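Engineer: Below is target00.csv; it holds CSV, C-alpha atoms and all ligand atoms.
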chain,number,residue,atom,x,y,z
A,1,MET,CA,151.8,330.1,42.9
A,2,VAL,CA,150.7,333.5,44.1
A,3,ASP,CA,148.1,334.9,41.8
A,4,VAL,CA,149.2,332.8,38.8
A,5,THR,CA,145.6,332.1,38.0
A,6,SER,CA,144.6,335.7,37.7
A,7,LYS,CA,147.8,336.5,35.8
A,8,VAL,CA,147.1,333.8,33.3
A,9,ARG,CA,143.6,334.9,33.0
A,10,LYS,CA,144.8,338.4,32.2
A,11,VAL,CA,147.2,337.1,29.6
A,12,ALA,CA,144.5,335.0,28.0
A,13,TYR,CA,141.6,337.3,28.2
A,14,THR,CA,142.4,341.0,28.5
A,15,GLY,CA,145.0,340.7,25.8
A,16,ARG,CA,147.0,343.5,27.4
A,17,ASN,CA,150.2,341.5,27.4
A,18,LEU,CA,149.6,340.0,24.0
A,19,GLN,CA,151.0,342.8,22.0
A,20,SER,CA,154.5,341.6,23.0
A,21,ILE,CA,153.4,338.1,22.4
A,22,ASN,CA,152.3,339.0,18.9
A,23,SER,CA,155.9,340.0,18.0
A,24,LEU,CA,157.2,336.5,19.0
A,25,SER,CA,157.8,333.9,16.4
A,26,PHE,CA,154.7,332.9,14.3
A,27,SER,CA,153.9,329.3,14.7
A,28,ARG,CA,150.2,329.2,14.4
A,29,ARG,CA,150.3,327.3,11.1
A,30,SER,CA,152.3,324.4,12.6
A,31,PHE,CA,150.0,324.5,15.6
A,32,LEU,CA,146.9,324.1,13.4
A,33,ALA,CA,148.6,321.4,11.4
A,34,LYS,CA,149.3,319.4,14.6
A,35,THR,CA,146.0,319.9,16.4
A,36,SER,CA,142.6,318.7,15.3
A,37,CYS,CA,140.6,321.8,15.3
A,38,PHE,CA,138.5,322.3,18.5
A,39,GLY,CA,139.5,318.9,19.7
A,40,THR,CA,140.3,320.0,23.2
A,41,PHE,CA,137.2,322.2,23.5
A,42,TYR,CA,135.0,319.4,22.2
A,43,ALA,CA,136.5,317.1,24.9
A,44,LEU,CA,135.4,319.6,27.5
A,45,ALA,CA,132.0,320.3,25.9
A,46,LYS,CA,131.2,316.5,25.9
A,47,LEU,CA,131.0,316.7,29.6
A,48,ILE,CA,128.1,319.1,29.5
A,49,PRO,CA,124.9,317.5,28.1
A,50,VAL,CA,121.8,319.7,28.2
A,51,PRO,CA,118.9,318.2,30.3
A,52,ALA,CA,115.4,317.6,28.9
A,53,LEU,CA,112.7,320.2,29.4
A,54,ALA,CA,111.4,320.1,32.9
A,55,ALA,CA,108.0,318.5,33.4
A,56,GLU,CA,106.4,321.8,34.4
A,57,LEU,CA,107.7,323.5,31.2
A,58,ALA,CA,106.7,320.6,29.0
A,59,SER,CA,103.1,321.2,30.1
A,60,ASP,CA,103.4,325.0,29.8
A,61,SER,CA,100.9,326.0,27.0
A,62,ARG,CA,103.4,328.6,25.6
A,63,VAL,CA,106.1,326.0,25.1
A,64,SER,CA,105.9,323.7,22.0
A,65,GLN,CA,106.5,320.0,22.7
A,66,THR,CA,108.4,319.5,19.5
A,67,PRO,CA,111.2,321.7,18.3
A,68,ILE,CA,110.8,323.2,14.8
A,69,VAL,CA,114.4,322.0,14.1
A,70,ASP,CA,116.9,319.9,16.0
A,71,LYS,CA,120.5,319.6,14.8
A,72,GLY,CA,121.9,318.0,17.9
A,73,PHE,CA,124.2,320.9,18.7
A,74,ALA,CA,121.1,323.1,19.1
A,75,SER,CA,117.4,322.9,18.7
A,76,VAL,CA,114.8,325.7,18.2
A,77,ARG,CA,111.5,325.6,20.0
A,78,LYS,CA,108.4,327.9,20.0
A,79,ILE,CA,108.0,329.4,23.5
A,80,GLY,CA,105.4,332.1,22.9
A,81,SER,CA,103.5,334.0,20.3
A,82,GLY,CA,106.2,334.8,17.7
A,83,LEU,CA,108.8,333.8,20.3
A,84,TYR,CA,111.4,331.1,19.8
A,85,ALA,CA,114.3,329.8,21.9
A,86,THR,CA,117.5,328.3,20.5
A,87,ILE,CA,118.9,325.9,23.1
A,88,SER,CA,122.4,324.5,22.6
A,89,ASP,CA,123.7,321.2,23.6
A,90,PRO,CA,127.5,321.5,23.4
A,91,SER,CA,127.9,317.8,24.1
A,92,LYS,CA,126.7,317.2,20.6
A,93,GLY,CA,128.8,319.9,18.8
A,94,ILE,CA,130.1,323.4,19.2
A,95,THR,CA,128.4,325.3,16.3
A,96,THR,CA,126.4,327.5,18.6
A,97,ILE,CA,127.6,326.7,22.2
A,98,CYS,CA,125.3,329.4,23.8
A,99,ASN,CA,121.6,329.7,23.7
A,100,GLY,CA,119.7,332.4,21.8
A,101,GLY,CA,116.4,332.7,20.0
A,102,PHE,CA,114.3,335.1,17.9
A,103,LEU,CA,111.3,337.3,18.2
A,104,ALA,CA,109.2,337.5,15.0
A,105,GLY,CA,106.4,340.1,14.8
A,106,LYS,CA,104.2,341.1,11.9
A,107,ASP,CA,106.7,343.8,10.7
A,108,GLY,CA,110.1,342.6,11.8
A,109,ALA,CA,112.2,340.1,13.6
A,110,LEU,CA,114.9,340.4,16.2
A,111,MET,CA,117.6,337.7,16.4
A,112,ILE,CA,119.3,337.0,19.7
A,113,GLU,CA,123.0,336.1,19.8
A,114,GLY,CA,125.8,335.7,17.2
A,115,PHE,CA,126.8,332.3,18.7
A,116,ALA,CA,130.3,330.7,18.5
A,117,THR,CA,130.5,330.4,14.7
A,118,PRO,CA,128.9,332.0,11.6
A,119,ALA,CA,127.3,328.6,10.9
A,120,GLY,CA,125.5,328.9,14.3
A,121,ALA,CA,124.1,332.2,13.3
A,122,ALA,CA,123.1,330.8,9.9
A,123,PHE,CA,121.4,327.9,11.6
A,124,GLN,CA,119.2,330.3,13.6
A,125,MET,CA,118.4,332.4,10.6
A,126,ASP,CA,117.3,329.3,8.7
A,127,ALA,CA,115.0,328.5,11.6
A,128,LEU,CA,113.5,332.0,11.5
A,129,ARG,CA,112.8,331.6,7.8
A,130,MET,CA,111.0,328.3,8.5
A,131,VAL,CA,108.3,330.4,10.3
A,132,SER,CA,108.5,334.0,9.1
A,133,GLN,CA,109.7,336.0,6.1
A,134,VAL,CA,109.6,339.4,7.9
A,135,PRO,CA,112.7,341.6,7.5
A,136,VAL,CA,115.3,341.2,10.3
A,137,LYS,CA,115.5,344.5,12.2
A,138,GLY,CA,118.6,343.5,14.1
A,139,ALA,CA,120.7,340.8,15.8
A,140,LEU,CA,121.5,341.3,19.4
A,141,ASP,CA,124.6,340.1,21.2
A,142,THR,CA,123.6,339.9,24.8
A,143,HIS,CA,127.3,340.5,25.7
A,144,TYR,CA,130.7,340.3,24.1
A,145,HIS,CA,131.9,336.8,25.1
A,146,PHE,CA,133.2,334.7,22.3
A,147,ASP,CA,130.5,332.0,22.4
A,148,HIS,CA,127.9,334.8,21.8
A,149,SER,CA,129.7,336.9,19.3
A,150,MET,CA,132.1,334.9,17.1
A,151,GLY,CA,129.4,334.1,14.5
A,152,ASN,CA,128.5,337.8,14.1
A,153,SER,CA,130.1,338.0,10.6
A,154,PHE,CA,127.2,336.0,9.3
A,155,TYR,CA,124.8,338.9,10.2
A,156,GLY,CA,127.3,341.4,8.7
A,157,ALA,CA,127.4,339.5,5.4
A,158,ASN,CA,123.6,339.5,5.3
A,159,GLY,CA,123.2,343.2,6.0
A,160,VAL,CA,121.6,342.6,9.4
A,161,PRO,CA,122.4,345.4,11.9
A,162,LEU,CA,124.3,344.1,14.9
A,163,TRP,CA,123.1,345.4,18.2
A,164,ALA,CA,125.0,345.2,21.5
A,165,HIS,CA,125.9,347.2,24.6
A,166,ALA,CA,128.0,350.2,23.6
A,167,THR,CA,131.2,348.8,24.9
A,168,THR,CA,130.9,345.3,23.3
A,169,ALA,CA,132.8,346.1,20.1
A,170,LYS,CA,135.8,347.5,22.1
A,171,ARG,CA,135.7,344.5,24.5
A,172,MET,CA,135.8,342.1,21.6
A,173,VAL,CA,138.7,343.9,20.0
A,174,ASP,CA,140.6,344.2,23.2
A,175,ASN,CA,140.1,340.5,24.2
A,176,TYR,CA,140.1,338.5,21.0
A,177,SER,CA,142.1,340.2,18.3
A,178,PRO,CA,145.4,339.9,20.3
A,179,MET,CA,144.9,336.1,20.2
A,180,GLN,CA,144.7,336.0,16.4
A,181,GLY,CA,148.0,335.1,15.0
A,182,ALA,CA,149.5,334.9,18.5
A,183,ASP,CA,152.0,332.2,19.3
A,184,LYS,CA,150.2,329.3,20.8
A,185,GLU,CA,152.9,328.5,23.3
A,186,ALA,CA,153.0,332.1,24.5
A,187,VAL,CA,149.3,332.0,25.3
A,188,LEU,CA,149.0,328.5,26.6
A,189,GLY,CA,152.5,328.0,28.1
A,190,PRO,CA,151.7,329.6,31.4
A,191,LEU,CA,148.6,327.4,31.8
A,192,GLU,CA,150.6,324.3,30.9
A,193,LYS,CA,153.1,325.3,33.5
A,194,ARG,CA,150.3,325.6,36.1
A,195,VAL,CA,149.3,322.0,35.3
A,196,ARG,CA,152.9,320.8,35.8
A,197,ASP,CA,153.5,322.8,38.9
A,198,ALA,CA,150.2,322.1,40.7
A,199,LYS,CA,150.7,321.4,44.4
A,200,SER,CA,147.8,318.9,44.6
A,201,ASP,CA,145.5,316.7,42.5
A,202,ILE,CA,142.7,319.2,42.9
A,203,GLU,CA,144.8,322.2,41.8
A,204,ARG,CA,146.1,320.1,38.8
A,205,GLN,CA,142.5,319.2,37.8
A,206,HIS,CA,141.5,322.9,38.1
A,207,ALA,CA,144.5,324.0,36.0
A,208,GLN,CA,143.8,321.3,33.3
A,209,GLY,CA,140.2,322.5,33.0
A,210,ASP,CA,141.4,326.1,32.6
A,211,LEU,CA,143.9,325.0,30.0
A,212,ASN,CA,141.2,323.2,28.0
A,213,ALA,CA,138.9,326.2,28.1
A,214,VAL,CA,141.6,328.6,27.0
A,215,THR,CA,142.8,326.2,24.3
A,216,GLY,CA,139.3,326.1,22.9
A,217,LEU,CA,139.0,329.9,23.0
A,218,PHE,CA,142.4,330.3,21.2
A,219,GLN,CA,141.3,327.9,18.5
A,220,ILE,CA,138.0,329.5,17.9
A,221,ALA,CA,139.5,333.1,18.0
A,222,ASN,CA,142.0,332.0,15.3
A,223,ALA,CA,139.3,330.4,13.2
A,224,THR,CA,137.1,333.5,13.3
A,225,VAL,CA,136.8,336.8,11.4
A,226,LEU,CA,135.5,339.1,14.1
A,227,GLY,CA,132.2,340.9,13.3
A,228,LEU,CA,131.8,344.0,15.4
A,229,PRO,CA,128.4,345.4,16.4
A,230,ASN,CA,127.5,348.5,14.4
A,231,HIS,CA,124.4,349.5,16.4
A,232,PRO,CA,125.8,350.4,19.9
A,233,ILE,CA,123.2,350.5,22.7
A,234,ASP,CA,123.8,353.2,25.3
A,235,PRO,CA,122.9,351.6,28.6
A,236,ALA,CA,122.0,355.1,30.0
A,237,LYS,CA,119.1,355.2,27.4
A,238,LEU,CA,117.6,351.9,28.5
A,239,PRO,CA,115.0,350.5,28.9
A,240,MET,CA,114.1,350.8,25.2
A,241,SER,CA,111.0,349.4,23.5
A,242,ILE,CA,111.1,347.8,20.1
A,243,ASP,CA,107.9,347.4,18.1
A,244,LEU,CA,108.1,344.4,15.8
A,245,GLY,CA,104.4,344.6,14.9
A,246,GLY,CA,102.0,343.1,17.4
A,247,LEU,CA,105.0,342.1,19.5
A,248,THR,CA,106.9,344.5,21.7
A,249,ALA,CA,110.4,343.7,23.1
A,250,VAL,CA,112.0,345.7,25.9
A,251,ILE,CA,115.8,345.9,25.9
A,252,GLU,CA,117.3,346.3,29.4
A,253,SER,CA,120.8,346.2,30.9
A,254,TYR,CA,121.8,344.7,34.3
A,255,PRO,CA,125.2,344.3,36.0
A,256,GLY,CA,126.8,341.0,36.8
A,257,HIS,CA,128.3,338.7,34.2
A,258,SER,CA,130.4,340.8,31.8
A,259,GLY,CA,129.9,344.6,32.1
A,260,THR,CA,128.1,344.4,28.7
A,261,ASP,CA,125.0,342.5,29.6
A,262,ILE,CA,121.8,343.2,27.8
A,263,VAL,CA,118.5,341.3,28.2
A,264,ALA,CA,115.4,341.2,25.9
A,265,ARG,CA,112.1,341.0,27.7
A,266,VAL,CA,108.6,340.5,26.3
A,267,PRO,CA,106.5,341.7,29.2
A,268,ASP,CA,103.2,340.9,27.6
A,269,GLN,CA,104.1,337.2,27.5
A,270,ASN,CA,106.4,337.1,30.6
A,271,ILE,CA,109.3,335.9,28.6
A,272,VAL,CA,112.9,337.0,29.1
A,273,TYR,CA,116.1,336.3,27.1
A,274,THR,CA,118.7,336.8,29.8
A,275,GLY,CA,122.0,336.1,28.1
A,276,ASP,CA,124.6,334.8,30.6
A,277,LEU,CA,123.0,336.7,33.6
A,278,LEU,CA,121.3,333.3,34.0
A,279,PHE,CA,123.1,330.0,33.8
A,280,SER,CA,120.3,327.4,34.2
A,281,GLY,CA,121.5,324.4,36.2
A,282,TRP,CA,125.2,325.4,35.7
A,283,TYR,CA,127.8,327.1,37.9
A,284,PRO,CA,128.0,330.7,36.8
A,285,VAL,CA,131.0,331.9,34.7
A,286,CYS,CA,132.4,334.8,36.8
A,287,PHE,CA,136.0,335.3,35.5
A,288,ASP,CA,135.3,338.6,33.6
A,289,GLU,CA,137.2,341.6,34.8
A,290,LYS,CA,133.9,343.5,34.8
A,291,ALA,CA,131.9,340.7,36.5
A,292,THR,CA,130.6,341.7,39.9
A,293,ILE,CA,129.3,339.1,42.3
A,294,SER,CA,127.3,341.5,44.5
A,295,GLY,CA,125.9,343.2,41.3
A,296,TRP,CA,125.0,339.8,39.8
A,297,ARG,CA,123.3,338.7,43.0
A,298,ASP,CA,121.3,341.9,43.0
A,299,THR,CA,120.3,341.4,39.4
A,300,LEU,CA,119.0,337.8,40.2
A,301,LYS,CA,117.1,339.3,43.1
A,302,LYS,CA,115.3,341.6,40.6
A,303,PHE,CA,114.6,338.6,38.2
A,304,ALA,CA,113.1,336.7,41.2
A,305,VAL,CA,110.3,339.3,41.5
A,306,PHE,CA,109.4,339.2,37.8
A,307,ASP,CA,106.0,337.5,37.4
A,308,LYS,CA,105.8,334.0,38.8
A,309,ASP,CA,105.0,332.6,35.4
A,310,THR,CA,108.0,334.1,33.8
A,311,LEU,CA,109.8,331.9,31.3
A,312,PHE,CA,113.6,332.5,31.1
A,313,VAL,CA,115.8,331.6,28.1
A,314,PRO,CA,119.2,331.4,29.8
A,315,GLY,CA,122.6,331.9,28.2
A,316,HIS,CA,123.4,328.3,28.9
A,317,GLY,CA,121.4,325.3,30.1
A,318,GLN,CA,117.7,324.5,29.6
A,319,ILE,CA,114.7,327.0,29.5
A,320,CYS,CA,113.4,327.4,33.0
A,321,GLY,CA,110.9,329.3,35.2
A,322,GLN,CA,111.6,331.1,38.5
A,323,GLU,CA,113.1,327.8,39.9
A,324,GLY,CA,116.1,328.4,37.6
A,325,ILE,CA,116.7,331.9,39.1
A,326,ALA,CA,116.3,330.4,42.6
A,327,ALA,CA,118.8,327.7,41.9
A,328,LEU,CA,121.5,330.1,40.7
A,329,ARG,CA,120.9,332.3,43.7
A,330,GLU,CA,121.4,329.3,45.9
A,331,VAL,CA,124.6,328.4,44.1
A,332,PHE,CA,125.9,332.0,44.8
A,333,ASP,CA,124.7,331.7,48.4
A,334,ASP,CA,126.6,328.5,48.8
A,335,ILE,CA,129.9,329.8,47.2
A,336,ALA,CA,129.6,333.0,49.4
A,337,GLY,CA,128.8,330.9,52.5
A,338,GLN,CA,131.9,328.6,52.1
A,339,ALA,CA,134.1,331.6,51.1
A,340,GLU,CA,133.0,333.6,54.1
A,341,LYS,CA,134.0,330.8,56.5
A,342,MET,CA,137.4,330.6,54.9
A,343,TYR,CA,137.8,334.4,54.9
A,344,LYS,CA,137.0,334.6,58.6
A,345,ALA,CA,139.4,331.7,59.3
A,346,GLY,CA,142.2,333.6,57.6
A,347,VAL,CA,142.6,331.3,54.6
A,348,PRO,CA,144.2,333.3,51.8
A,349,ALA,CA,142.2,333.9,48.6
A,350,GLU,CA,144.7,332.0,46.5
A,351,GLU,CA,144.1,328.9,48.5
A,352,ALA,CA,140.4,329.5,49.2
A,353,GLN,CA,139.6,329.6,45.5
A,354,HIS,CA,140.6,325.9,45.2
A,355,ARG,CA,139.0,324.7,48.5
A,356,TYR,CA,135.3,325.1,47.7
A,357,LEU,CA,133.4,321.8,47.9
A,358,VAL,CA,130.5,321.2,45.5
A,359,PRO,CA,127.5,320.1,47.6
A,360,ASP,CA,125.5,317.1,46.6
A,361,LYS,CA,122.5,319.1,45.4
A,362,PHE,CA,124.7,320.8,42.8
A,363,LYS,CA,126.8,317.9,41.8
A,364,ASN,CA,125.2,317.7,38.3
A,365,PHE,CA,125.7,321.4,37.6
A,366,PRO,CA,128.4,321.7,34.9
A,367,ILE,CA,131.5,323.7,35.8
A,368,TYR,CA,132.8,325.2,32.5
A,369,ALA,CA,136.2,325.4,34.1
A,370,TRP,CA,137.1,326.0,37.7
A,371,GLY,CA,139.2,329.1,37.0
A,372,PHE,CA,136.3,330.7,35.1
A,373,THR,CA,133.5,330.0,37.6
A,374,ILE,CA,134.1,329.1,41.3
A,375,GLY,CA,137.7,330.3,41.5
A,376,PRO,CA,137.1,333.9,40.5
A,377,ALA,CA,133.7,334.0,42.3
A,378,ILE,CA,135.7,333.4,45.5
A,379,THR,CA,138.5,335.8,44.8
A,380,LYS,CA,136.0,338.5,43.8
A,381,LEU,CA,134.0,338.0,47.0
A,382,TYR,CA,137.3,338.3,49.0
A,383,ALA,CA,138.1,341.5,47.2
A,384,GLU,CA,134.6,342.9,47.9
A,385,TRP,CA,135.0,342.0,51.6
A,386,GLN,CA,138.4,343.6,51.7
A,387,GLY,CA,136.9,346.7,50.2
A,388,LYS,CA,139.0,346.6,47.1
B,1,ZN,ZN,129.3,334.9,28.9
Starting from the file, give its structure as structure tokens.

Structural biologist:
Amino acid sequence: MVDVTSKVRKVAYTGRNLQSINSLSFSRRSFLAKTSCFGTFYALAKLIPVPALAAELASDSRVSQTPIVDKGFASVRKIGSGLYATISDPSKGITTICNGGFLAGKDGALMIEGFATPAGAAFQMDALRMVSQVPVKGALDTHYHFDHSMGNSFYGANGVPLWAHATTAKRMVDNYSPMQGADKEAVLGPLEKRVRDAKSDIERQHAQGDLNAVTGLFQIANATVLGLPNHPIDPAKLPMSIDLGGLTAVIESYPGHSGTDIVARVPDQNIVYTGDLLFSGWYPVCFDEKATISGWRDTLKKFAVFDKDTLFVPGHGQICGQEGIAALREVFDDIAGQAEKMYKAGVPAEEAQHRYLVPDKFKNFPIYAWGFTIGPAITKLYAEWQGK
């Protein structure tokens, strides 16, 4: 079992080994014929309902009580002057999966996120057009992950420049194009084997969750024409101010979740679109090869000293205030605390990554899949302590 998880993750996500897989027999057509599209992913997503707006936020004068549109899979709500948040509820459908939003000034608008499908990006554009007819200056992918970028082609088809961290296009190509047309068994086989070979019920559950997540990704990647950002943002040149006409957004980059993370801030109104640097009321997704636990915790420390009235639009979960940052910091503290005890007791990382116990206070926090959240958080912490 040594390091099978990380090997599988590498196969599924870095795509490095998929060139050879691509040359194997082509059976995607029969796979799609046998599998109801997105079925497995939907089964996973159904476990993740989005909570209602917290009482403090429902009474925040910036936040509108009623969404301007609610399609179940996502709703769009006014959260400031010219500012809107798109909040997804994957339990009701996977058109968008992640959160986003838009900023509409007098002269132009900035869209946030490409979402999981072009229909998701179109949904958000329709919402913008309900409140403003200004030209769209750009659409920003907060990072390269599939649920934030697979709908990009909608923007491309509509002549909207696609903004993202300078390495986002390459990361999308490296990670997702090898899956397109790849043999399903070659991609999922190692994960299925992990389920079969699991040494305990816990390991089997973790492996099954990972299999569901990768199955969903494989299906979405194969149903998508990738749209690559054509407006690369050099992180060395940030922060960068964008004047939308009476509304100024500041684009910044922070380490932590993916190595391509960009946030959009509106300092005048204390509102921040964080992308996946904030999972609100969720366990954080840490699997990315460029994710850094210490870097992410430092980033959250910086967010924690933003104005106390700051409103955060997270990458996943409900809109929140500083309490959302505090909760995620506590989750990281708890994972690190349990991992450190195991590290000091000599428990190997491969075992420690399965042994974490979810405390009562976080038992309602969705875990996207163990091998994408808690597992890699622990192995990355071990690696940091070992000075790797
Ligand atoms: Zn992400």

Engineer: Using all atoms listed in the file, find each protein or nucleic acid residue lying at most 9 Å from ligand ZN 1 (chain B); present the set as a list in words.

Structural biologist: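 Residues lying within 9 Å of ligand ZN 1 (chain B): Cys98, Thr142, His143, Tyr144, His145, Phe146, Asp147, His148, His257, Ser258, Asp261, Gly275, Asp276, Leu277, Val285, Cys286, Asp288, Gly315 and His316 of chain A.
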
Engineer: Taking (120.9, 326.9, 40.4) in the file's coordinates, which residues come within 9 Å, counting only C-alpha atoms, written as an MDAnalysis selection string?

Structural biologist: chainID A and resid 279:284 323:332 362 365

Engineer: Could you check which of A:Phe372, A:Ala164, A:Pro255, A:Thr379 is closest to Asp298 of chain A, using all atoms listed in the file?

Structural biologist: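 Closest residue, counting all atoms listed in the file: A:Pro255.
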
Engineer: Residues near Lys380 of chain A, anyone? I mean within 12 Å using only C-alpha atoms, not counting same-chain ones fewer than 6 positions away, as a list in words.

Structural biologist: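 Selected residues are Ser6, Gly256, Cys286, Phe287, Asp288, Glu289, Lys290, Ala291, Thr292, Ile293, Ser294, Gly295, Trp296, Ile335, Ala336, Ala339, Glu340, Tyr343, Ala349, Glu350, Ala352, Gln353, Phe372, Thr373, Ile374, Gln386, Gly387 and Lys388 of chain A.
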
Engineer: Quick one: everything within 7 Å of segment 100-114 of chain A, counting only C-alpha atoms, minus sequence neighbours fewer than 5 positions away in the same chain. Send it as JSON, numbers by chain.

Structural biologist: {"A": [82, 83, 84, 85, 86, 87, 121, 132, 134, 135, 136, 137, 138, 139, 140, 141, 142, 148, 149, 150, 151, 152, 244, 245, 246, 247]}

Engineer: Rounded to one decimal, what separation in Å do you get between atom CA of Asn175 of chain A and atom CA of Gly216 of chain A?

Structural biologist: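 Going from atom CA of Asn175 of chain A over to atom CA of Gly216 of chain A covers 14.5 Å.
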
Engineer: Please, what distance in Å, to one decimal, runs between atom CA of Thr274 of chain A and atom CA of Lys308 of chain A?

Structural biologist: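 Answer for the atom CA of Thr274 of chain A to atom CA of Lys308 of chain A separation: 16.0 Å.
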
Engineer: Please measure the separation of atom CA of His231 of chain A and atom CA of Trp163 of chain A, giving the value in Å to one decimal.

Structural biologist: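 Interatomic distance, atom CA of His231 of chain A to atom CA of Trp163 of chain A: 4.7 Å.
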
Engineer: Do you know which residues are at most 8 Å from Val214 of chain A counting all atoms listed in the file, after dropping those on the same chain fewer than 3 positions away, and could you put them as a ChimeraX atom specification?

Structural biologist: /A:12,188,210-211,217-218

Engineer: Go ahead and find all residues with at least one atom no further than 8 Å from (123.4, 322.3, 11.9) in the file's coordinates, using all atoms listed in the file; report them as a ChimeraX atom specification.

Structural biologist: /A:71-74,95,119-120,123

Engineer: Which residue out of A:Pro178, A:Gly227, A:Val69, A:Val187 has the minimum interatomic distance to Arg129 of chain A when only C-alpha atoms are used?

Structural biologist: A:Val69

Engineer: Given all atoms listed in the file as the basis, pick out the residue of A:Val225, A:Val250, A:Ala55, A:Val195 nearest to Asn270 of chain A.

Structural biologist: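 Smallest distance to Asn270 of chain A is found for A:Val250.
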
Engineer: Nearest to Glu351 of chain A among A:Asp126, A:Asp334, A:Asp89, A:Glu203, with distances taken over all atoms listed in the file: which residue is it?

Structural biologist: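 Using all atoms listed in the file, Glu351 of chain A sits closest to A:Glu203.
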
Engineer: Could segment 182-220 of chain A be written out with C-alpha atoms, as a PDB file, in the first residue's frame, please?

Structural biologist:
ATOM      1  CA  ALA A 182      -7.839   8.305 -22.258  1.00  0.00           C
ATOM      2  CA  ASP A 183      -8.896   4.780 -21.428  1.00  0.00           C
ATOM      3  CA  LYS A 184     -11.246   4.860 -18.470  1.00  0.00           C
ATOM      4  CA  GLU A 185      -9.878   1.678 -16.934  1.00  0.00           C
ATOM      5  CA  ALA A 186      -6.327   2.951 -17.162  1.00  0.00           C
ATOM      6  CA  VAL A 187      -7.292   6.082 -15.236  1.00  0.00           C
ATOM      7  CA  LEU A 188      -9.695   4.558 -12.735  1.00  0.00           C
ATOM      8  CA  GLY A 189      -8.269   1.031 -12.464  1.00  0.00           C
ATOM      9  CA  PRO A 190      -5.637   1.898  -9.835  1.00  0.00           C
ATOM     10  CA  LEU A 191      -8.303   3.594  -7.715  1.00  0.00           C
ATOM     11  CA  GLU A 192     -10.651   0.625  -8.061  1.00  0.00           C
ATOM     12  CA  LYS A 193      -7.787  -1.619  -6.993  1.00  0.00           C
ATOM     13  CA  ARG A 194      -7.293   0.547  -3.911  1.00  0.00           C
ATOM     14  CA  VAL A 195     -10.945   0.011  -2.974  1.00  0.00           C
ATOM     15  CA  ARG A 196     -10.575  -3.780  -3.434  1.00  0.00           C
ATOM     16  CA  ASP A 197      -7.280  -4.014  -1.557  1.00  0.00           C
ATOM     17  CA  ALA A 198      -8.185  -1.735   1.354  1.00  0.00           C
ATOM     18  CA  LYS A 199      -6.946  -3.059   4.695  1.00  0.00           C
ATOM     19  CA  SER A 200      -9.806  -1.639   6.738  1.00  0.00           C
ATOM     20  CA  ASP A 201     -13.312  -0.219   6.355  1.00  0.00           C
ATOM     21  CA  ILE A 202     -11.944   3.276   6.876  1.00  0.00           C
ATOM     22  CA  GLU A 203      -9.362   2.879   4.115  1.00  0.00           C
ATOM     23  CA  ARG A 204     -12.032   1.396   1.852  1.00  0.00           C
ATOM     24  CA  GLN A 205     -14.346   4.363   2.466  1.00  0.00           C
ATOM     25  CA  HIS A 206     -11.528   6.787   1.758  1.00  0.00           C
ATOM     26  CA  ALA A 207     -10.592   4.940  -1.430  1.00  0.00           C
ATOM     27  CA  GLN A 208     -14.213   4.837  -2.611  1.00  0.00           C
ATOM     28  CA  GLY A 209     -14.566   8.598  -2.085  1.00  0.00           C
ATOM     29  CA  ASP A 210     -11.385   9.216  -4.064  1.00  0.00           C
ATOM     30  CA  LEU A 211     -12.640   6.931  -6.855  1.00  0.00           C
ATOM     31  CA  ASN A 212     -15.937   8.847  -7.018  1.00  0.00           C
ATOM     32  CA  ALA A 213     -14.131  12.187  -7.213  1.00  0.00           C
ATOM     33  CA  VAL A 214     -11.756  11.093  -9.986  1.00  0.00           C
ATOM     34  CA  THR A 215     -14.614   9.442 -11.890  1.00  0.00           C
ATOM     35  CA  GLY A 216     -16.471  12.756 -11.830  1.00  0.00           C
ATOM     36  CA  LEU A 217     -13.412  14.639 -12.984  1.00  0.00           C
ATOM     37  CA  PHE A 218     -12.781  12.127 -15.781  1.00  0.00           C
ATOM     38  CA  GLN A 219     -16.357  12.475 -17.006  1.00  0.00           C
ATOM     39  CA  ILE A 220     -16.306  16.260 -16.914  1.00  0.00           C
TER      40      ILE A 220
END
